[in-house]
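Have a look at protein-v3.txt; it's compact mmCIF, C-alpha atoms and all ligand atoms:
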```txt
# COMPACT_ATOMS: atom_id res chain seq x y z
CA MET A 1 112.77 122.12 -38.83
CA THR A 2 111.75 122.02 -35.20
CA GLU A 3 113.59 119.75 -32.84
CA PRO A 4 111.85 116.35 -32.38
CA LEU A 5 110.58 115.55 -28.90
CA LEU A 6 112.66 112.38 -28.71
CA LYS A 7 115.74 111.57 -30.71
CA LEU A 8 118.06 108.59 -30.74
CA ASP A 9 121.29 109.29 -32.54
CA ARG A 10 123.58 106.43 -33.59
CA VAL A 11 122.90 104.33 -30.53
CA ASP A 12 124.85 101.15 -29.85
CA THR A 13 123.57 98.98 -27.00
CA TYR A 14 125.07 95.86 -25.52
CA TYR A 15 124.22 93.26 -22.92
CA GLY A 16 127.68 92.26 -21.83
CA GLN A 17 129.54 91.23 -24.98
CA ILE A 18 126.40 90.96 -27.06
CA GLN A 19 125.47 93.91 -29.21
CA VAL A 20 121.72 94.44 -29.64
CA HIS A 21 121.57 97.92 -31.27
CA PHE A 22 123.79 98.89 -34.18
CA GLY A 23 123.78 102.63 -34.80
CA VAL A 24 120.07 103.09 -34.18
CA SER A 25 118.82 106.57 -35.05
CA LEU A 26 115.20 107.62 -34.89
CA GLU A 27 113.03 110.63 -34.18
CA VAL A 28 109.68 111.11 -32.51
CA PRO A 29 108.26 114.52 -33.48
CA HIS A 30 106.05 116.49 -31.09
CA GLY A 31 102.42 115.47 -31.26
CA GLU A 32 102.89 112.31 -33.29
CA ILE A 33 102.43 108.59 -32.79
CA VAL A 34 105.57 106.75 -33.85
CA SER A 35 105.75 102.97 -34.03
CA LEU A 36 108.81 100.84 -33.64
CA LEU A 37 108.21 97.60 -35.47
CA GLY A 38 110.22 94.43 -35.67
CA GLY A 39 110.20 90.73 -35.01
CA ASN A 40 111.21 88.86 -31.87
CA ALA A 41 114.53 89.80 -30.32
CA SER A 42 115.12 92.67 -32.73
CA GLY A 43 115.84 95.05 -29.84
CA LYS A 44 112.48 96.82 -29.45
CA SER A 45 112.07 96.44 -25.70
CA THR A 46 115.71 97.32 -25.23
CA ALA A 47 115.02 100.60 -27.04
CA MET A 48 112.34 101.33 -24.44
CA LYS A 49 114.73 100.44 -21.64
CA ILE A 50 117.46 102.81 -22.78
CA ILE A 51 114.99 105.67 -23.24
CA LEU A 52 113.71 105.15 -19.70
CA GLY A 53 117.22 104.85 -18.27
CA LEU A 54 116.73 101.21 -17.28
CA HIS A 55 119.71 100.18 -19.38
CA ARG A 56 122.53 102.31 -20.82
CA PRO A 57 123.62 102.44 -24.43
CA ARG A 58 127.37 102.08 -24.89
CA SER A 59 127.53 104.93 -27.39
CA GLY A 60 125.27 107.39 -29.13
CA THR A 61 122.90 109.99 -27.75
CA ILE A 62 119.32 109.97 -26.56
CA SER A 63 117.81 113.46 -26.42
CA PHE A 64 114.49 114.60 -25.11
CA ASP A 65 113.18 118.10 -25.71
CA GLY A 66 116.55 119.01 -27.15
CA GLU A 67 118.64 117.84 -24.19
CA PRO A 68 120.62 114.63 -23.76
CA ILE A 69 119.02 112.29 -21.22
CA ASN A 70 121.30 109.28 -21.35
CA GLY A 71 123.07 109.28 -18.05
CA LEU A 72 120.00 110.44 -16.10
CA LEU A 73 118.29 108.14 -13.64
CA THR A 74 114.83 106.82 -14.40
CA PRO A 75 112.98 109.10 -11.92
CA GLN A 76 114.74 112.12 -13.42
CA ILE A 77 113.70 111.01 -16.89
CA VAL A 78 110.11 110.55 -15.71
CA ARG A 79 110.20 114.04 -14.20
CA ARG A 80 111.25 115.46 -17.57
CA GLY A 81 108.01 114.11 -19.03
CA ILE A 82 108.47 110.54 -20.24
CA ALA A 83 106.14 107.84 -18.98
CA SER A 84 106.17 104.20 -19.86
CA VAL A 85 103.74 101.36 -20.15
CA PRO A 86 106.15 98.44 -20.04
CA GLU A 87 105.75 95.01 -21.50
CA ALA A 88 103.50 92.79 -19.37
CA ARG A 89 102.40 96.02 -17.63
CA ARG A 90 104.19 95.57 -14.31
CA LEU A 91 101.36 96.62 -12.07
CA PHE A 92 101.59 96.18 -8.33
CA GLY A 93 99.38 93.11 -8.17
CA ASP A 94 98.74 93.16 -4.43
CA MET A 95 97.83 96.82 -4.36
CA SER A 96 94.43 98.19 -5.26
CA VAL A 97 93.62 99.70 -8.61
CA ARG A 98 93.35 103.11 -6.90
CA GLU A 99 96.81 102.78 -5.33
CA ASN A 100 98.32 101.71 -8.64
CA LEU A 101 96.80 104.69 -10.36
CA LEU A 102 98.07 107.18 -7.79
CA MET A 103 101.52 105.58 -7.96
CA GLY A 104 101.76 107.06 -11.44
CA ALA A 105 101.95 110.52 -9.89
CA PHE A 106 104.88 109.67 -7.63
CA THR A 107 107.13 112.34 -9.11
CA ARG A 108 104.54 115.10 -8.67
CA ARG A 109 103.88 117.37 -5.72
CA ASP A 110 100.94 119.41 -7.05
CA ARG A 111 98.06 117.90 -5.12
CA ASP A 112 95.32 119.78 -6.93
CA GLY A 113 96.70 118.83 -10.31
CA ILE A 114 96.98 115.20 -9.25
CA ALA A 115 93.37 115.19 -8.05
CA GLN A 116 92.23 116.70 -11.36
CA ASP A 117 94.14 114.15 -13.39
CA TYR A 118 92.82 111.34 -11.21
CA GLU A 119 89.26 112.40 -12.03
CA ARG A 120 90.15 112.77 -15.69
CA MET A 121 91.53 109.22 -15.79
CA LEU A 122 88.36 107.83 -14.25
CA GLU A 123 86.35 109.55 -16.97
CA LEU A 124 88.66 108.31 -19.68
CA PHE A 125 88.88 104.76 -18.31
CA PRO A 126 85.45 103.79 -16.95
CA ARG A 127 86.53 100.19 -16.46
CA VAL A 128 89.25 101.36 -14.12
CA LYS A 129 86.74 103.50 -12.24
CA GLU A 130 84.44 100.53 -11.66
CA ARG A 131 87.28 98.57 -10.08
CA LEU A 132 89.12 101.07 -7.90
CA ALA A 133 89.01 98.95 -4.76
CA GLN A 134 89.90 95.69 -6.47
CA ARG A 135 93.41 94.22 -6.28
CA ALA A 136 95.22 95.03 -9.53
CA GLY A 137 96.41 91.43 -9.84
CA THR A 138 92.83 90.25 -10.26
CA LEU A 139 92.06 92.46 -13.28
CA SER A 140 91.68 90.91 -16.72
CA GLY A 141 94.47 91.47 -19.23
CA GLY A 142 92.56 94.22 -21.00
CA GLU A 143 91.72 95.94 -17.73
CA GLN A 144 95.35 95.77 -16.66
CA GLN A 145 96.36 97.44 -19.90
CA MET A 146 93.86 100.24 -19.26
CA LEU A 147 95.15 100.69 -15.73
CA ALA A 148 98.76 100.71 -16.92
CA MET A 149 97.92 103.42 -19.45
CA ALA A 150 96.01 105.47 -16.88
CA ARG A 151 98.89 105.12 -14.43
CA ALA A 152 101.39 106.31 -17.04
CA LEU A 153 99.24 109.35 -17.78
CA MET A 154 99.12 110.29 -14.09
CA SER A 155 102.65 111.68 -14.40
CA ARG A 156 101.28 114.17 -16.98
CA PRO A 157 103.82 113.03 -19.56
CA LYS A 158 104.78 114.70 -22.81
CA LEU A 159 105.76 111.33 -24.20
CA VAL A 160 104.29 107.92 -23.46
CA CYS A 161 106.37 104.88 -24.40
CA MET A 162 104.37 101.70 -24.79
CA ASP A 163 105.76 98.22 -25.26
CA GLU A 164 103.33 96.00 -27.20
CA PRO A 165 100.16 97.61 -25.84
CA THR A 166 97.87 95.20 -27.67
CA MET A 167 99.68 91.98 -26.91
CA GLY A 168 97.42 89.28 -25.54
CA LEU A 169 94.29 91.40 -25.74
CA SER A 170 90.99 90.35 -27.26
CA PRO A 171 89.98 92.21 -30.45
CA LEU A 172 87.54 94.34 -28.44
CA TYR A 173 90.28 95.56 -26.11
CA VAL A 174 92.74 96.00 -28.96
CA ASP A 175 90.27 98.45 -30.50
CA LYS A 176 89.73 100.19 -27.17
CA VAL A 177 93.42 100.62 -26.55
CA LEU A 178 94.08 101.92 -30.05
CA ASP A 179 91.13 104.33 -29.77
CA LEU A 180 92.46 105.63 -26.48
CA ILE A 181 95.92 106.17 -27.91
CA ARG A 182 94.36 108.12 -30.77
CA THR A 183 92.19 110.20 -28.43
CA LEU A 184 95.05 111.01 -26.09
CA ASN A 185 97.24 111.89 -29.05
CA GLN A 186 94.60 114.33 -30.24
CA GLN A 187 94.73 115.86 -26.77
CA GLY A 188 98.43 116.49 -27.23
CA VAL A 189 100.24 113.41 -25.91
CA THR A 190 103.06 112.10 -28.09
CA PHE A 191 103.42 108.31 -28.33
CA PHE A 192 106.29 106.00 -29.06
CA MET A 193 105.00 102.48 -29.28
CA VAL A 194 106.60 99.15 -29.88
CA GLU A 195 104.49 96.68 -31.83
CA GLN A 196 104.93 93.36 -33.53
CA ASN A 197 101.59 93.78 -35.23
CA ALA A 198 102.70 96.13 -37.99
CA SER A 199 99.37 96.68 -39.68
CA LEU A 200 97.64 97.55 -36.40
CA ALA A 201 100.39 99.91 -35.35
CA LEU A 202 100.60 101.64 -38.70
CA GLN A 203 96.86 102.24 -38.74
CA ILE A 204 97.18 104.72 -35.90
CA ALA A 205 100.79 105.85 -36.24
CA HIS A 206 102.07 108.83 -38.18
CA ARG A 207 105.36 107.14 -38.92
CA GLY A 208 107.21 103.95 -38.27
CA TYR A 209 110.65 102.42 -37.99
CA VAL A 210 111.45 98.78 -38.61
CA LEU A 211 114.16 97.18 -36.51
CA GLN A 212 115.80 94.01 -37.63
CA THR A 213 118.43 92.39 -35.42
CA GLY A 214 119.25 95.76 -33.93
CA ARG A 215 119.35 97.83 -37.10
CA VAL A 216 116.82 100.24 -38.52
CA VAL A 217 116.22 98.74 -41.95
CA LEU A 218 113.19 100.75 -43.00
CA SER A 219 111.41 103.91 -41.91
CA GLY A 220 108.89 106.36 -43.21
CA GLU A 221 105.37 107.64 -43.03
CA ALA A 222 102.87 105.09 -41.81
CA GLY A 223 100.80 105.17 -44.99
CA ALA A 224 103.84 104.48 -47.14
CA LEU A 225 105.03 101.69 -44.87
CA LEU A 226 101.61 100.06 -44.86
CA GLY A 227 101.82 99.71 -48.61
CA ASP A 228 105.39 98.47 -48.59
CA ARG A 229 105.92 94.83 -49.52
CA ARG A 230 109.10 94.75 -47.49
CA ILE A 231 107.06 95.32 -44.32
CA ARG A 232 105.31 92.04 -44.91
CA ASP A 233 108.56 90.37 -45.78
CA ALA A 234 110.15 91.68 -42.61
CA TYR A 235 107.54 89.82 -40.62
CA LEU A 236 107.80 86.67 -42.67
CA GLY A 237 111.40 86.10 -41.66
CA GLY A 238 114.69 86.55 -43.43
CA ALA A 239 113.54 88.03 -46.73
CA LEU A 240 114.43 91.59 -45.83
CA ALA A 241 117.69 90.56 -44.21
CA ALA A 242 118.72 88.72 -47.35
CA GLU A 243 117.81 91.73 -49.47
CA THR A 244 119.66 94.28 -47.33
CA ALA A 245 122.71 92.04 -47.06
CA SER A 246 123.05 91.64 -50.81
N1 LIG B 301 118.87 91.66 -19.64
C1 LIG B 301 119.34 91.06 -20.72
N2 LIG B 301 120.51 90.38 -20.71
C2 LIG B 301 121.02 89.78 -21.80
N3 LIG B 301 120.41 89.80 -23.01
C3 LIG B 301 119.25 90.44 -23.09
C4 LIG B 301 118.65 91.10 -21.97
N4 LIG B 301 117.48 91.65 -22.37
C5 LIG B 301 117.37 91.35 -23.67
N5 LIG B 301 118.42 90.63 -24.11
C6 LIG B 301 118.64 90.14 -25.48
O1 LIG B 301 118.65 91.25 -26.36
C7 LIG B 301 117.99 90.96 -27.59
C8 LIG B 301 116.89 91.98 -27.83
O2 LIG B 301 115.89 91.82 -26.83
P1 LIG B 301 114.61 92.74 -26.75
O3 LIG B 301 113.85 92.33 -25.54
O4 LIG B 301 115.02 94.15 -26.86
O5 LIG B 301 113.86 92.31 -28.08
P2 LIG B 301 112.38 92.61 -28.58
O6 LIG B 301 112.50 93.16 -29.96
O7 LIG B 301 111.64 93.42 -27.58
O8 LIG B 301 111.76 91.14 -28.66
P3 LIG B 301 110.26 90.62 -28.41
O9 LIG B 301 109.50 90.94 -29.65
O10 LIG B 301 110.43 89.15 -28.24
O11 LIG B 301 109.71 91.30 -27.20
C9 LIG B 301 117.49 89.53 -27.44
O12 LIG B 301 118.35 88.68 -28.12
C10 LIG B 301 117.49 89.28 -25.96
O13 LIG B 301 117.73 87.93 -25.66
MG MG B 302 109.98 93.08 -26.41
```

Conversion result in structure tokens:
Amino acid sequence: MTEPLLKLDRVDTYYGQIQVHFGVSLEVPHGEIVSLLGGNASGKSTAMKIILGLHRPRSGTISFDGEPINGLLTPQIVRRGIASVPEARRLFGDMSVRENLLMGAFTRRDRDGIAQDYERMLELFPRVKERLAQRAGTLSGGEQQMLAMARALMSRPKLVCMDEPTMGLSPLYVDKVLDLIRTLNQQGVTFFMVEQNASLALQIAHRGYVLQTGRVVLSGEAGALLGDRRIRDAYLGGALAAETAS
């Protein structure tokens, strides 16, 4: 079997004394969309943070393209080909849409390539193109999500990590965002996305993992997970916990 693009192997993560990941292992194969599902406070965003080097696991290994990356600094991780669209998007609100977009290429030095990708993003995200001169902070939620995605892609990533890309969006924008993820995936970008909305995520994902209070309690192909009663239970509260504990 070929090496997955991203691999977490028996990761334990803490905030101070409090453990939030318990032996988390997961794989994101090249060219796939993988969803990390789970309820509030299950450790999803923390998984994003440790992949991006924004927080360190206490033990376990995170590998990218076959090499360990835990220990690297965030810019080094970005340079290796991981981009992120964090929760609540974290745009630079006072800067223009154009400046935000170009900021995504901060690790690159190839001017021609950057210019090409800039044009490509404007084609892919017409709403962003219409608003280049506008302050990013004045964009609607859906527009901010588009800009955050376009900005992430400006680093020409192999892997895009997205934290709740559809949160707070109207149904129209939810569809747009999911369509874009699908399109970009078909163009070769691998996605690792956190979602609370399991059925949405599993519609576009190839496979999924379910986190519950820091443990992977279920994983498999998206189609199989969609049909799994335990997925629903996992989102209805303690049913799965009770089952796995017994
Ligand atoms: N910087 C921090 N310091 C201390 N505890 C934290 C910190 N960040 C997160 N936590 C705690 O770690 C646990 C997991 O948080 P995390 O943000 O990873 O969950 P999540 O699955 O993304 O939740 P949500 O669905 O609400 O976004 C929570 O109990 C949270 O309170
Ligand atoms: Mg979160």

Could you give me, as a CSV table (one decimal) with C-alpha atoms, in the frame of the given file, every polymer residue with an atom at most 8 Å away from an atom of ligand LIG 301 (chain B), counting only C-alpha atoms and all ligand atoms?
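This went into out-v1.csv:
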```csv
chain,number,residue,atom,x,y,z
A,14,TYR,CA,125.1,95.9,-25.5
A,15,TYR,CA,124.2,93.3,-22.9
A,16,GLY,CA,127.7,92.3,-21.8
A,18,ILE,CA,126.4,91.0,-27.1
A,19,GLN,CA,125.5,93.9,-29.2
A,20,VAL,CA,121.7,94.4,-29.6
A,38,GLY,CA,110.2,94.4,-35.7
A,39,GLY,CA,110.2,90.7,-35.0
A,40,ASN,CA,111.2,88.9,-31.9
A,41,ALA,CA,114.5,89.8,-30.3
A,42,SER,CA,115.1,92.7,-32.7
A,43,GLY,CA,115.8,95.0,-29.8
A,44,LYS,CA,112.5,96.8,-29.4
A,45,SER,CA,112.1,96.4,-25.7
A,46,THR,CA,115.7,97.3,-25.2
A,47,ALA,CA,115.0,100.6,-27.0
A,87,GLU,CA,105.8,95.0,-21.5
A,163,ASP,CA,105.8,98.2,-25.3
A,164,GLU,CA,103.3,96.0,-27.2
A,194,VAL,CA,106.6,99.2,-29.9
A,195,GLU,CA,104.5,96.7,-31.8
A,196,GLN,CA,104.9,93.4,-33.5
A,211,LEU,CA,114.2,97.2,-36.5
A,213,THR,CA,118.4,92.4,-35.4
A,214,GLY,CA,119.2,95.8,-33.9
```

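Using only C-alpha atoms, the contacts of range 100-105 of chain A at a cut-off of 7 Å, with sequence neighbours closer than 4 positions omitted, comprise A:Leu91, A:Phe92, A:Met95, A:Ser96, A:Ile114, A:Leu147, A:Ala150, A:Arg151, A:Ala152, A:Met154, A:Ser155.
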
Need to verify the contact set: Ala198 in chain A, 12 Å, only C-alpha atoms, exclusion of same-chain residues closer than 6 positions in sequence. Can you return it as an MDAnalysis selection string? chainID A and resid 34:39 164 166 204:205 207:211 222:223 225:228 230:236

Write out as a PDB file with C-alpha atoms, in the frame of the given file the residues lying within 12 Å of Thr2 in chain A, counting all atoms listed in the file and excluding same-chain residues fewer than 2 positions away.
```pdb
ATOM      1  CA  PRO A   4     111.850 116.350 -32.380  1.00  0.00           C
ATOM      2  CA  LEU A   5     110.580 115.550 -28.900  1.00  0.00           C
ATOM      3  CA  LEU A   6     112.660 112.380 -28.710  1.00  0.00           C
ATOM      4  CA  GLU A  27     113.030 110.630 -34.180  1.00  0.00           C
ATOM      5  CA  VAL A  28     109.680 111.110 -32.510  1.00  0.00           C
ATOM      6  CA  PRO A  29     108.260 114.520 -33.480  1.00  0.00           C
ATOM      7  CA  HIS A  30     106.050 116.490 -31.090  1.00  0.00           C
ATOM      8  CA  ASP A  65     113.180 118.100 -25.710  1.00  0.00           C
ATOM      9  CA  GLY A  66     116.550 119.010 -27.150  1.00  0.00           C
TER      10      GLY A  66
END
```

Atomic separation - CA of Ile62 in chain A relative to CA of Leu8 in chain A, Å: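 So the answer is 4.6 Å.
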
Give me the residues within 7 Å of Thr190 in chain A as a PyMOL selection string, counting all atoms listed in the file and dropping any in the same chain fewer than 3 places off. chain A and resi 30-33+158-160+185

Any idea what the distance is between CA of Gln187 in chain A and CA of Arg135 in chain A?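 Calculated distance between CA of Gln187 in chain A and CA of Arg135 in chain A is 29.8 Å.
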
Using all atoms listed in the file, pick whichever of A:Pro86, A:Arg120, A:Gln186, A:Arg127 has the shortest atom-to-atom distance to Ala148 in chain A.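 The closest residue to Ala148 in chain A is A:Pro86.
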
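Coordinates place CA of Met149 in chain A at a distance of 16.7 Å from CA of Ser170 in chain A.
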
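Residues with at least one atom no more than 12 Å from (87.6, 98.9, -8.7), using all atoms listed in the file, are Met95, Ser96, Val97, Arg98, Glu99, Asn100, Leu101, Leu122, Phe125, Pro126, Arg127, Val128, Lys129, Glu130, Arg131, Leu132, Ala133, Gln134, Arg135, Ala136, Gly137, Thr138, Leu139, Glu143, Gln144 and Leu147 of chain A.
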
Export of the given selection (C-alpha atoms) as a tab-separated table (two decimals), in the coordinates of the input:
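And here's result_11.tsv as it stands now:
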```tsv
chain	number	residue	atom	x	y	z
A	95	MET	CA	97.83	96.82	-4.36
A	96	SER	CA	94.43	98.19	-5.26
A	97	VAL	CA	93.62	99.70	-8.61
A	98	ARG	CA	93.35	103.11	-6.90
A	99	GLU	CA	96.81	102.78	-5.33
A	100	ASN	CA	98.32	101.71	-8.64
A	101	LEU	CA	96.80	104.69	-10.36
A	122	LEU	CA	88.36	107.83	-14.25
A	125	PHE	CA	88.88	104.76	-18.31
A	126	PRO	CA	85.45	103.79	-16.95
A	127	ARG	CA	86.53	100.19	-16.46
A	128	VAL	CA	89.25	101.36	-14.12
A	129	LYS	CA	86.74	103.50	-12.24
A	130	GLU	CA	84.44	100.53	-11.66
A	131	ARG	CA	87.28	98.57	-10.08
A	132	LEU	CA	89.12	101.07	-7.90
A	133	ALA	CA	89.01	98.95	-4.76
A	134	GLN	CA	89.90	95.69	-6.47
A	135	ARG	CA	93.41	94.22	-6.28
A	136	ALA	CA	95.22	95.03	-9.53
A	137	GLY	CA	96.41	91.43	-9.84
A	138	THR	CA	92.83	90.25	-10.26
A	139	LEU	CA	92.06	92.46	-13.28
A	143	GLU	CA	91.72	95.94	-17.73
A	144	GLN	CA	95.35	95.77	-16.66
A	147	LEU	CA	95.15	100.69	-15.73
```

Who sits within 9 Å of Pro75 in chain A, all atoms listed in the file, same chain under 2 positions skipped, as a PyMOL selection string: chain A and resi 52-53+72-73+77-80+107

Closest to ligand MG 302 (chain B) among A:Met162, A:Asn70, A:Gly141, A:Leu178, using all atoms listed in the file? A:Met162

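Distances from A:Arg89, A:Arg215, A:Arg56, A:Arg111 to ligand MG 302 (chain B) were compared using all atoms listed in the file, and the smallest one belongs to A:Arg89.
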
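Using all atoms listed in the file, the shortest contact distance between ligand MG 302 (chain B) and any of A:Tyr173, A:Met167, A:Ile82, A:Phe192 is found at A:Met167.
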
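Nearest residue to ligand MG 302 (chain B) among A:Pro171, A:Gln17, A:Gly23, A:Met193 is A:Met193, counting all atoms listed in the file.
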